[in-house]
Amino acid sequence: MISLLVGSSVGFVLSLMLTFYGIKVLRRLKIGDFIQEEIQGAHGHKLGTPTMGGIIFVTAAVAAYLLTYVRFDLTDGLSLSFRPLPIGGILCLVALVGMAAIGFFDDLVKTRRRRSLGLGKAAKFGGQILVAALFAWGAGRAGVITELSFTRPLGIELGALFTVLVLVMLTGAANGANLADGMDGLAGGSAVLMFGAYVVIAFWQVRHSDIYMAVDPLALATISAAMVGALLGFLWWNAPPAHLIMGDVGSHAIGGLLAAVAVLTNTQLLLMVIGGLYVAETLSVIIQVLSFRTTGRRVFRMAPFHHHFSLAGWEEPTVVIRFWIMAGLGVSLGLGMFYADFLALEGLL
């Protein structure tokens, strides 16, 4: 419990301070956002707003997590020692930092070209696959259960298909979070709720290790808590209008870590419920593309569908808050399913 409190509070304070100074630095460097032509009318005020802010909360979350493994000894003066990182935490760092790096290069290309298009699809997807493959290999070496799982393993052995599932989860979650990052606070605020759910799930698995077979659940709960704190510190400066946009570096990091924690807690399919908002955003794009290619008609005014409501006349804060509520409903349903399964196992349901 102490590690969760330290991780979240340090993550918050670091992110709060670093974001304040990061806004100034990025403005000085003239690293601004570029708005899609279709929505420049409603979002034109964001043109030039500093971007790549995800670097800040990723740095804060990583630093806060690592700090929880530092021991302070005051018995004979002040001395510091560093406890070894558990493999589960290392794997989460690989997914978090690796996906953030892909997003960073995507943002870097955008700023250099001064347009909203970054890395090519092949380069971007190839980088995501590389990070996901490295995580999948490490998870296998760490002894992760390779069965299909919902709230826990379902007894369906996947074998080699487990690697495919991990690749789909990490790349899908990274792109889903990226699609949701289109309005001030939308992706960050919803991610706070999702990571909060995984703090609860992973810590519950720590307390009931005889039932659940997660990989280092305390480390998973701690890094999730650190991310909650870091995102809250970042959101402090991004109440509409945003002073700093997270960019792909932030959204990719969010999705990568969410998927990594879901794999290591054996809640693969449950992630689709907890991260239901990101699933809906992704489906809206798929539906839009399929409809236009097959019928020549668009289902939404614009996809992902948060833009549909914006173009329909909803104010941006209205869209964001209502989508936060949607995210909260998914999180509540996911946690309810997880707890109901536990009660059923204990014969209490």
# chains A, B, ... in the order shown; residues from 1 in each chain; ligands from 1
$ select_by_dssp --residues "region 89-154 of chain A" --states "alpha helix (DSSP H)" --output "JSON, numbers by chain"
{"A": [89, 90, 91, 92, 93, 94, 95, 96, 97, 98, 99, 100, 101, 102, 103, 104, 105, 106, 107, 108, 109, 110, 111, 112, 113, 121, 122, 123, 124, 125, 126, 127, 128, 129, 130, 131, 132, 133, 134, 135, 136, 137, 138, 139, 140, 141]}
$ select_by_dssp --residues "region 127-321 of chain A" --states "strand (DSSP E)" --output "ChimeraX atom specification"
/A:147-149,153-157
$ residues_around --residues "Glu157 (chain A)" --least-positions-apart "3" --cutoff "9 Å" --atoms "only C-alpha atoms" --output "ChimeraX atom specification"
/A:145-148,154,161-162
$ closest_residue --among "A:Asn238, A:Ser224, A:Ser310, A:Thr151" --to "Val199 (chain A)" --atoms "only C-alpha atoms"
A:Ser224
$ residues_around --residues "Leu119 (chain A)" --least-positions-apart "2" --cutoff "9 Å" --atoms "only C-alpha atoms" --output "ChimeraX atom specification"
/A:105-110,117,121-124
$ residues_around --residues "Pro84 (chain A)" --least-positions-apart "3" --cutoff "12 Å" --atoms "only C-alpha atoms" --output "PDB file with N, CA, C and O atoms, in the first residue's frame"
ATOM      1  N   LEU A  66      10.211   4.080 -10.173  1.00  0.00           N
ATOM      2  CA  LEU A  66      11.559   3.675  -9.771  1.00  0.00           C
ATOM      3  C   LEU A  66      11.862   4.113  -8.339  1.00  0.00           C
ATOM      4  O   LEU A  66      12.565   3.409  -7.601  1.00  0.00           O
ATOM      5  N   LEU A  67      11.331   5.266  -7.945  1.00  0.00           N
ATOM      6  CA  LEU A  67      11.576   5.771  -6.591  1.00  0.00           C
ATOM      7  C   LEU A  67      11.010   4.832  -5.530  1.00  0.00           C
ATOM      8  O   LEU A  67      11.544   4.759  -4.412  1.00  0.00           O
ATOM      9  N   THR A  68       9.946   4.104  -5.859  1.00  0.00           N
ATOM     10  CA  THR A  68       9.360   3.195  -4.865  1.00  0.00           C
ATOM     11  C   THR A  68      10.284   2.025  -4.543  1.00  0.00           C
ATOM     12  O   THR A  68      10.048   1.297  -3.569  1.00  0.00           O
ATOM     13  N   TYR A  69      11.350   1.855  -5.315  1.00  0.00           N
ATOM     14  CA  TYR A  69      12.311   0.774  -5.057  1.00  0.00           C
ATOM     15  C   TYR A  69      13.596   1.289  -4.405  1.00  0.00           C
ATOM     16  O   TYR A  69      14.561   0.549  -4.272  1.00  0.00           O
ATOM     17  N   VAL A  70      13.586   2.557  -4.009  1.00  0.00           N
ATOM     18  CA  VAL A  70      14.725   3.126  -3.292  1.00  0.00           C
ATOM     19  C   VAL A  70      14.469   2.999  -1.792  1.00  0.00           C
ATOM     20  O   VAL A  70      13.400   3.384  -1.304  1.00  0.00           O
ATOM     21  N   ARG A  71      15.436   2.478  -1.071  1.00  0.00           N
ATOM     22  CA  ARG A  71      15.332   2.344   0.383  1.00  0.00           C
ATOM     23  C   ARG A  71      16.175   3.410   1.063  1.00  0.00           C
ATOM     24  O   ARG A  71      17.338   3.607   0.719  1.00  0.00           O
ATOM     25  N   SER A  81      19.729   2.610  -0.885  1.00  0.00           N
ATOM     26  CA  SER A  81      19.944   1.352  -1.597  1.00  0.00           C
ATOM     27  C   SER A  81      18.779   1.154  -2.557  1.00  0.00           C
ATOM     28  O   SER A  81      17.694   1.712  -2.362  1.00  0.00           O
ATOM     29  N   ILE A  87      10.383  -8.466 -12.581  1.00  0.00           N
ATOM     30  CA  ILE A  87      10.292  -8.611 -14.027  1.00  0.00           C
ATOM     31  C   ILE A  87       9.000  -8.006 -14.573  1.00  0.00           C
ATOM     32  O   ILE A  87       8.975  -7.454 -15.676  1.00  0.00           O
ATOM     33  N   GLY A  88       7.905  -8.094 -13.790  1.00  0.00           N
ATOM     34  CA  GLY A  88       6.647  -7.498 -14.236  1.00  0.00           C
ATOM     35  C   GLY A  88       6.768  -6.000 -14.430  1.00  0.00           C
ATOM     36  O   GLY A  88       6.252  -5.431 -15.403  1.00  0.00           O
ATOM     37  N   GLY A  89       7.464  -5.334 -13.512  1.00  0.00           N
ATOM     38  CA  GLY A  89       7.670  -3.895 -13.639  1.00  0.00           C
ATOM     39  C   GLY A  89       8.550  -3.555 -14.822  1.00  0.00           C
ATOM     40  O   GLY A  89       8.310  -2.575 -15.540  1.00  0.00           O
ATOM     41  N   ILE A  90       9.586  -4.356 -15.046  1.00  0.00           N
ATOM     42  CA  ILE A  90      10.484  -4.125 -16.187  1.00  0.00           C
ATOM     43  C   ILE A  90       9.721  -4.251 -17.501  1.00  0.00           C
ATOM     44  O   ILE A  90       9.874  -3.432 -18.420  1.00  0.00           O
ATOM     45  N   ALA A 219       3.932  -4.810  -8.408  1.00  0.00           N
ATOM     46  CA  ALA A 219       4.620  -3.911  -9.335  1.00  0.00           C
ATOM     47  C   ALA A 219       3.638  -3.327 -10.340  1.00  0.00           C
ATOM     48  O   ALA A 219       3.717  -2.142 -10.698  1.00  0.00           O
TER      49      ALA A 219
END
$ closest_residue --among "A:Asp181, A:Asp341, A:Glu281, A:Glu315" --to "Thr267 (chain A)" --atoms "only C-alpha atoms"
A:Asp341
$ residues_around --residues "Leu134 (chain A)" --least-positions-apart "4" --cutoff "12 Å" --atoms "only C-alpha atoms" --output "JSON, numbers by chain"
{"A": [90, 91, 92, 93, 94, 95, 98, 99, 127, 128, 129, 130, 138, 139, 140, 141, 163, 166, 167, 170, 260]}
$ write_last_selection --atoms "N, CA, C and O atoms" --output "PDB file, in the first residue's frame"
ATOM      1  N   ILE A  90       9.586  -4.356 -15.046  1.00  0.00           N
ATOM      2  CA  ILE A  90      10.484  -4.125 -16.187  1.00  0.00           C
ATOM      3  C   ILE A  90       9.721  -4.251 -17.501  1.00  0.00           C
ATOM      4  O   ILE A  90       9.874  -3.432 -18.420  1.00  0.00           O
ATOM      5  N   LEU A  91       8.871  -5.269 -17.603  1.00  0.00           N
ATOM      6  CA  LEU A  91       8.082  -5.460 -18.817  1.00  0.00           C
ATOM      7  C   LEU A  91       7.135  -4.287 -19.060  1.00  0.00           C
ATOM      8  O   LEU A  91       6.943  -3.843 -20.203  1.00  0.00           O
ATOM      9  N   CYS A  92       6.540  -3.766 -17.987  1.00  0.00           N
ATOM     10  CA  CYS A  92       5.663  -2.601 -18.129  1.00  0.00           C
ATOM     11  C   CYS A  92       6.450  -1.380 -18.610  1.00  0.00           C
ATOM     12  O   CYS A  92       5.963  -0.602 -19.432  1.00  0.00           O
ATOM     13  N   LEU A  93       7.663  -1.214 -18.102  1.00  0.00           N
ATOM     14  CA  LEU A  93       8.507  -0.112 -18.546  1.00  0.00           C
ATOM     15  C   LEU A  93       8.864  -0.255 -20.023  1.00  0.00           C
ATOM     16  O   LEU A  93       8.932   0.739 -20.764  1.00  0.00           O
ATOM     17  N   VAL A  94       9.095  -1.490 -20.467  1.00  0.00           N
ATOM     18  CA  VAL A  94       9.395  -1.735 -21.884  1.00  0.00           C
ATOM     19  C   VAL A  94       8.226  -1.282 -22.748  1.00  0.00           C
ATOM     20  O   VAL A  94       8.402  -0.586 -23.761  1.00  0.00           O
ATOM     21  N   ALA A  95       7.007  -1.681 -22.361  1.00  0.00           N
ATOM     22  CA  ALA A  95       5.823  -1.304 -23.135  1.00  0.00           C
ATOM     23  C   ALA A  95       5.577   0.203 -23.077  1.00  0.00           C
ATOM     24  O   ALA A  95       5.275   0.836 -24.099  1.00  0.00           O
ATOM     25  N   GLY A  98       8.763   2.058 -24.698  1.00  0.00           N
ATOM     26  CA  GLY A  98       8.873   1.673 -26.100  1.00  0.00           C
ATOM     27  C   GLY A  98       7.793   2.302 -26.962  1.00  0.00           C
ATOM     28  O   GLY A  98       8.084   2.880 -28.024  1.00  0.00           O
ATOM     29  N   MET A  99       6.546   2.219 -26.532  1.00  0.00           N
ATOM     30  CA  MET A  99       5.454   2.828 -27.301  1.00  0.00           C
ATOM     31  C   MET A  99       5.562   4.355 -27.291  1.00  0.00           C
ATOM     32  O   MET A  99       5.248   5.017 -28.284  1.00  0.00           O
ATOM     33  N   GLY A 127       7.228  -0.173 -35.936  1.00  0.00           N
ATOM     34  CA  GLY A 127       7.794   0.136 -34.626  1.00  0.00           C
ATOM     35  C   GLY A 127       6.937  -0.413 -33.494  1.00  0.00           C
ATOM     36  O   GLY A 127       7.451  -0.957 -32.509  1.00  0.00           O
ATOM     37  N   GLN A 128       5.613  -0.278 -33.635  1.00  0.00           N
ATOM     38  CA  GLN A 128       4.712  -0.812 -32.614  1.00  0.00           C
ATOM     39  C   GLN A 128       4.842  -2.328 -32.495  1.00  0.00           C
ATOM     40  O   GLN A 128       4.860  -2.872 -31.389  1.00  0.00           O
ATOM     41  N   ILE A 129       4.914  -2.995 -33.630  1.00  0.00           N
ATOM     42  CA  ILE A 129       5.052  -4.451 -33.635  1.00  0.00           C
ATOM     43  C   ILE A 129       6.361  -4.868 -32.965  1.00  0.00           C
ATOM     44  O   ILE A 129       6.415  -5.847 -32.211  1.00  0.00           O
ATOM     45  N   LEU A 130       7.428  -4.117 -33.224  1.00  0.00           N
ATOM     46  CA  LEU A 130       8.727  -4.431 -32.629  1.00  0.00           C
ATOM     47  C   LEU A 130       8.664  -4.350 -31.104  1.00  0.00           C
ATOM     48  O   LEU A 130       9.140  -5.251 -30.404  1.00  0.00           O
ATOM     49  N   GLY A 138       9.491 -11.187 -23.605  1.00  0.00           N
ATOM     50  CA  GLY A 138       9.813 -11.045 -22.187  1.00  0.00           C
ATOM     51  C   GLY A 138       8.741 -11.632 -21.293  1.00  0.00           C
ATOM     52  O   GLY A 138       9.039 -12.264 -20.267  1.00  0.00           O
ATOM     53  N   ALA A 139       7.470 -11.440 -21.673  1.00  0.00           N
ATOM     54  CA  ALA A 139       6.372 -11.987 -20.868  1.00  0.00           C
ATOM     55  C   ALA A 139       6.435 -13.512 -20.850  1.00  0.00           C
ATOM     56  O   ALA A 139       6.182 -14.153 -19.823  1.00  0.00           O
ATOM     57  N   GLY A 140       6.771 -14.104 -21.997  1.00  0.00           N
ATOM     58  CA  GLY A 140       6.917 -15.556 -22.054  1.00  0.00           C
ATOM     59  C   GLY A 140       8.028 -16.048 -21.153  1.00  0.00           C
ATOM     60  O   GLY A 140       7.881 -17.051 -20.446  1.00  0.00           O
ATOM     61  N   ARG A 141       9.158 -15.338 -21.162  1.00  0.00           N
ATOM     62  CA  ARG A 141      10.277 -15.709 -20.302  1.00  0.00           C
ATOM     63  C   ARG A 141       9.938 -15.528 -18.826  1.00  0.00           C
ATOM     64  O   ARG A 141      10.497 -16.206 -17.960  1.00  0.00           O
ATOM     65  N   THR A 163       1.303 -15.013 -28.607  1.00  0.00           N
ATOM     66  CA  THR A 163       2.141 -13.913 -29.105  1.00  0.00           C
ATOM     67  C   THR A 163       1.359 -13.016 -30.046  1.00  0.00           C
ATOM     68  O   THR A 163       1.456 -11.780 -29.978  1.00  0.00           O
ATOM     69  N   VAL A 166      -0.933 -10.811 -27.993  1.00  0.00           N
ATOM     70  CA  VAL A 166      -0.192  -9.725 -27.349  1.00  0.00           C
ATOM     71  C   VAL A 166       0.124  -8.618 -28.357  1.00  0.00           C
ATOM     72  O   VAL A 166      -0.010  -7.426 -28.055  1.00  0.00           O
ATOM     73  N   LEU A 167       0.516  -9.004 -29.563  1.00  0.00           N
ATOM     74  CA  LEU A 167       0.809  -8.005 -30.600  1.00  0.00           C
ATOM     75  C   LEU A 167      -0.436  -7.188 -30.918  1.00  0.00           C
ATOM     76  O   LEU A 167      -0.374  -5.956 -31.048  1.00  0.00           O
ATOM     77  N   LEU A 170      -1.312  -4.771 -27.756  1.00  0.00           N
ATOM     78  CA  LEU A 170      -0.461  -3.599 -27.562  1.00  0.00           C
ATOM     79  C   LEU A 170      -0.616  -2.592 -28.687  1.00  0.00           C
ATOM     80  O   LEU A 170      -0.739  -1.381 -28.439  1.00  0.00           O
ATOM     81  N   ALA A 260      -0.153  -3.810 -21.522  1.00  0.00           N
ATOM     82  CA  ALA A 260       0.855  -4.590 -20.805  1.00  0.00           C
ATOM     83  C   ALA A 260       0.324  -5.055 -19.448  1.00  0.00           C
ATOM     84  O   ALA A 260       0.485  -6.222 -19.069  1.00  0.00           O
TER      85      ALA A 260
END
$ residues_around --residues "Leu179 (chain A)" --least-positions-apart "2" --cutoff "12 Å" --atoms "only C-alpha atoms" --output "VMD selection string"
chain A and resid 172 to 177 181 to 183 186 to 187 247 to 248 250 to 252 254 to 255 277 to 286 303 to 307
$ write_last_selection --atoms "N, CA, C and O atoms" --output "compact mmCIF listing (two decimals), in the first residue's frame"
# COMPACT_ATOMS: atom_id res chain seq x y z
N GLY A 172 -3.19 -2.40 -30.78
CA GLY A 172 -4.57 -1.92 -30.77
C GLY A 172 -4.83 -0.89 -29.68
O GLY A 172 -5.48 0.13 -29.91
N ALA A 173 -4.30 -1.14 -28.48
CA ALA A 173 -4.50 -0.20 -27.38
C ALA A 173 -3.78 1.12 -27.63
O ALA A 173 -4.31 2.19 -27.34
N ALA A 174 -2.57 1.05 -28.18
CA ALA A 174 -1.82 2.27 -28.49
C ALA A 174 -2.56 3.12 -29.51
O ALA A 174 -2.70 4.34 -29.36
N ASN A 175 -3.09 2.48 -30.56
CA ASN A 175 -3.81 3.21 -31.58
C ASN A 175 -5.17 3.68 -31.10
O ASN A 175 -5.65 4.75 -31.49
N GLY A 176 -5.82 2.88 -30.23
CA GLY A 176 -7.10 3.28 -29.67
C GLY A 176 -6.98 4.52 -28.81
O GLY A 176 -7.78 5.46 -28.90
N ALA A 177 -5.96 4.55 -27.94
CA ALA A 177 -5.72 5.73 -27.11
C ALA A 177 -5.35 6.93 -27.98
O ALA A 177 -5.75 8.07 -27.70
N ASP A 181 -7.31 10.76 -28.44
CA ASP A 181 -6.60 11.99 -28.09
C ASP A 181 -6.88 13.07 -29.13
O ASP A 181 -6.06 13.39 -29.96
N GLY A 182 -8.11 13.60 -29.07
CA GLY A 182 -8.47 14.62 -30.04
C GLY A 182 -9.07 15.86 -29.42
O GLY A 182 -9.36 16.84 -30.11
N MET A 183 -9.30 15.84 -28.10
CA MET A 183 -9.87 16.98 -27.41
C MET A 183 -9.16 17.15 -26.07
O MET A 183 -8.64 16.19 -25.52
N LEU A 186 -9.48 14.58 -23.03
CA LEU A 186 -10.28 13.39 -23.31
C LEU A 186 -9.51 12.10 -23.05
O LEU A 186 -9.93 11.24 -22.27
N ALA A 187 -8.36 11.94 -23.69
CA ALA A 187 -7.57 10.72 -23.51
C ALA A 187 -6.99 10.63 -22.11
O ALA A 187 -7.02 9.56 -21.47
N GLY A 247 0.22 14.70 -27.39
CA GLY A 247 0.79 14.19 -28.63
C GLY A 247 0.79 12.67 -28.67
O GLY A 247 0.34 11.98 -27.74
N ASP A 248 1.31 12.12 -29.75
CA ASP A 248 1.35 10.67 -29.91
C ASP A 248 2.26 10.01 -28.88
O ASP A 248 2.03 8.86 -28.49
N GLY A 250 2.40 10.62 -25.83
CA GLY A 250 1.60 10.35 -24.64
C GLY A 250 0.54 9.30 -24.85
O GLY A 250 0.38 8.39 -24.04
N SER A 251 -0.19 9.41 -25.96
CA SER A 251 -1.28 8.46 -26.21
C SER A 251 -0.75 7.05 -26.44
O SER A 251 -1.33 6.06 -25.98
N HIS A 252 0.37 6.92 -27.16
CA HIS A 252 0.96 5.60 -27.37
C HIS A 252 1.43 4.99 -26.04
O HIS A 252 1.28 3.78 -25.82
N ILE A 254 0.17 5.56 -23.06
CA ILE A 254 -1.03 5.16 -22.31
C ILE A 254 -1.53 3.80 -22.78
O ILE A 254 -1.75 2.88 -22.00
N GLY A 255 -1.71 3.67 -24.10
CA GLY A 255 -2.21 2.41 -24.63
C GLY A 255 -1.27 1.25 -24.40
O GLY A 255 -1.70 0.14 -24.05
N LEU A 277 -14.13 2.82 -23.98
CA LEU A 277 -14.15 4.08 -24.73
C LEU A 277 -13.18 4.02 -25.91
O LEU A 277 -13.52 4.44 -27.03
N TYR A 278 -11.99 3.51 -25.68
CA TYR A 278 -11.00 3.42 -26.75
C TYR A 278 -11.44 2.42 -27.81
O TYR A 278 -11.18 2.61 -29.01
N VAL A 279 -12.12 1.35 -27.37
CA VAL A 279 -12.66 0.38 -28.32
C VAL A 279 -13.71 1.05 -29.20
O VAL A 279 -13.74 0.87 -30.43
N ALA A 280 -14.58 1.85 -28.58
CA ALA A 280 -15.63 2.54 -29.33
C ALA A 280 -15.05 3.54 -30.32
O ALA A 280 -15.54 3.66 -31.46
N GLU A 281 -14.01 4.25 -29.92
CA GLU A 281 -13.36 5.20 -30.82
C GLU A 281 -12.78 4.48 -32.03
O GLU A 281 -12.90 4.93 -33.17
N THR A 282 -12.15 3.33 -31.78
CA THR A 282 -11.56 2.55 -32.87
C THR A 282 -12.63 2.00 -33.80
O THR A 282 -12.51 2.06 -35.03
N LEU A 283 -13.71 1.48 -33.22
CA LEU A 283 -14.80 0.94 -34.02
C LEU A 283 -15.45 2.02 -34.89
O LEU A 283 -15.86 1.75 -36.02
N SER A 284 -15.54 3.23 -34.36
CA SER A 284 -16.14 4.31 -35.14
C SER A 284 -15.35 4.60 -36.41
O SER A 284 -15.92 4.89 -37.47
N VAL A 285 -14.02 4.50 -36.31
CA VAL A 285 -13.17 4.69 -37.49
C VAL A 285 -13.35 3.55 -38.48
O VAL A 285 -13.48 3.76 -39.70
N ILE A 286 -13.38 2.31 -37.95
CA ILE A 286 -13.56 1.14 -38.82
C ILE A 286 -14.90 1.21 -39.54
O ILE A 286 -14.99 0.97 -40.76
N ALA A 303 -14.86 10.82 -38.13
CA ALA A 303 -14.38 9.80 -37.19
C ALA A 303 -12.93 10.11 -36.83
O ALA A 303 -12.20 10.68 -37.63
N PRO A 304 -12.50 9.74 -35.58
CA PRO A 304 -13.26 9.07 -34.53
C PRO A 304 -14.44 9.90 -34.05
O PRO A 304 -14.44 11.11 -34.18
N PHE A 305 -15.42 9.24 -33.47
CA PHE A 305 -16.74 9.84 -33.35
C PHE A 305 -16.87 10.94 -32.30
O PHE A 305 -17.92 11.57 -32.23
N HIS A 306 -15.82 11.23 -31.52
CA HIS A 306 -15.93 12.42 -30.67
C HIS A 306 -16.00 13.69 -31.53
O HIS A 306 -16.63 14.67 -31.14
N HIS A 307 -15.38 13.65 -32.71
CA HIS A 307 -15.46 14.78 -33.63
C HIS A 307 -16.87 14.92 -34.22
O HIS A 307 -17.29 16.02 -34.58
$ closest_residue --among "A:Val25, A:Leu165, A:Ala242, A:Leu329" --to "Phe135 (chain A)" --atoms "only C-alpha atoms"
A:Leu165
$ atom_distance --atom1 "CA of Gly188 (chain A)" --atom2 "CA of Phe125 (chain A)"
22.5 Å
$ closest_residue --among "A:Phe323, A:Phe292, A:Phe82, A:Phe57" --to "Phe234 (chain A)" --atoms "only C-alpha atoms"
A:Phe57
$ closest_atom_pairs --of "region 131-206 of chain A" --to "region 5-14 of chain A" --cutoff "12 Å" --atoms "only C-alpha atoms" --output "Markdown table"
| residue | atom | partner | partner_atom | distance |
| --- | --- | --- | --- | --- |
| A:Val192 | CA | A:Ser8 | CA | 11.2 |
| A:Phe195 | CA | A:Ser8 | CA | 11.1 |
| A:Gly196 | CA | A:Ser8 | CA | 10.4 |
| A:Val199 | CA | A:Ser8 | CA | 10.4 |
$ write_last_selection --atoms "C-alpha atoms" --output "compact mmCIF listing (two decimals), in the first residue's frame"
# COMPACT_ATOMS: atom_id res chain seq x y z
CA VAL A 192 -6.89 8.04 -15.21
CA PHE A 195 -5.40 2.93 -14.73
CA GLY A 196 -7.26 3.46 -11.46
CA VAL A 199 -4.59 -0.33 -9.42
$ atom_distance --atom1 "CA of Gly256 (chain A)" --atom2 "CA of Arg152 (chain A)"
20.3 Å
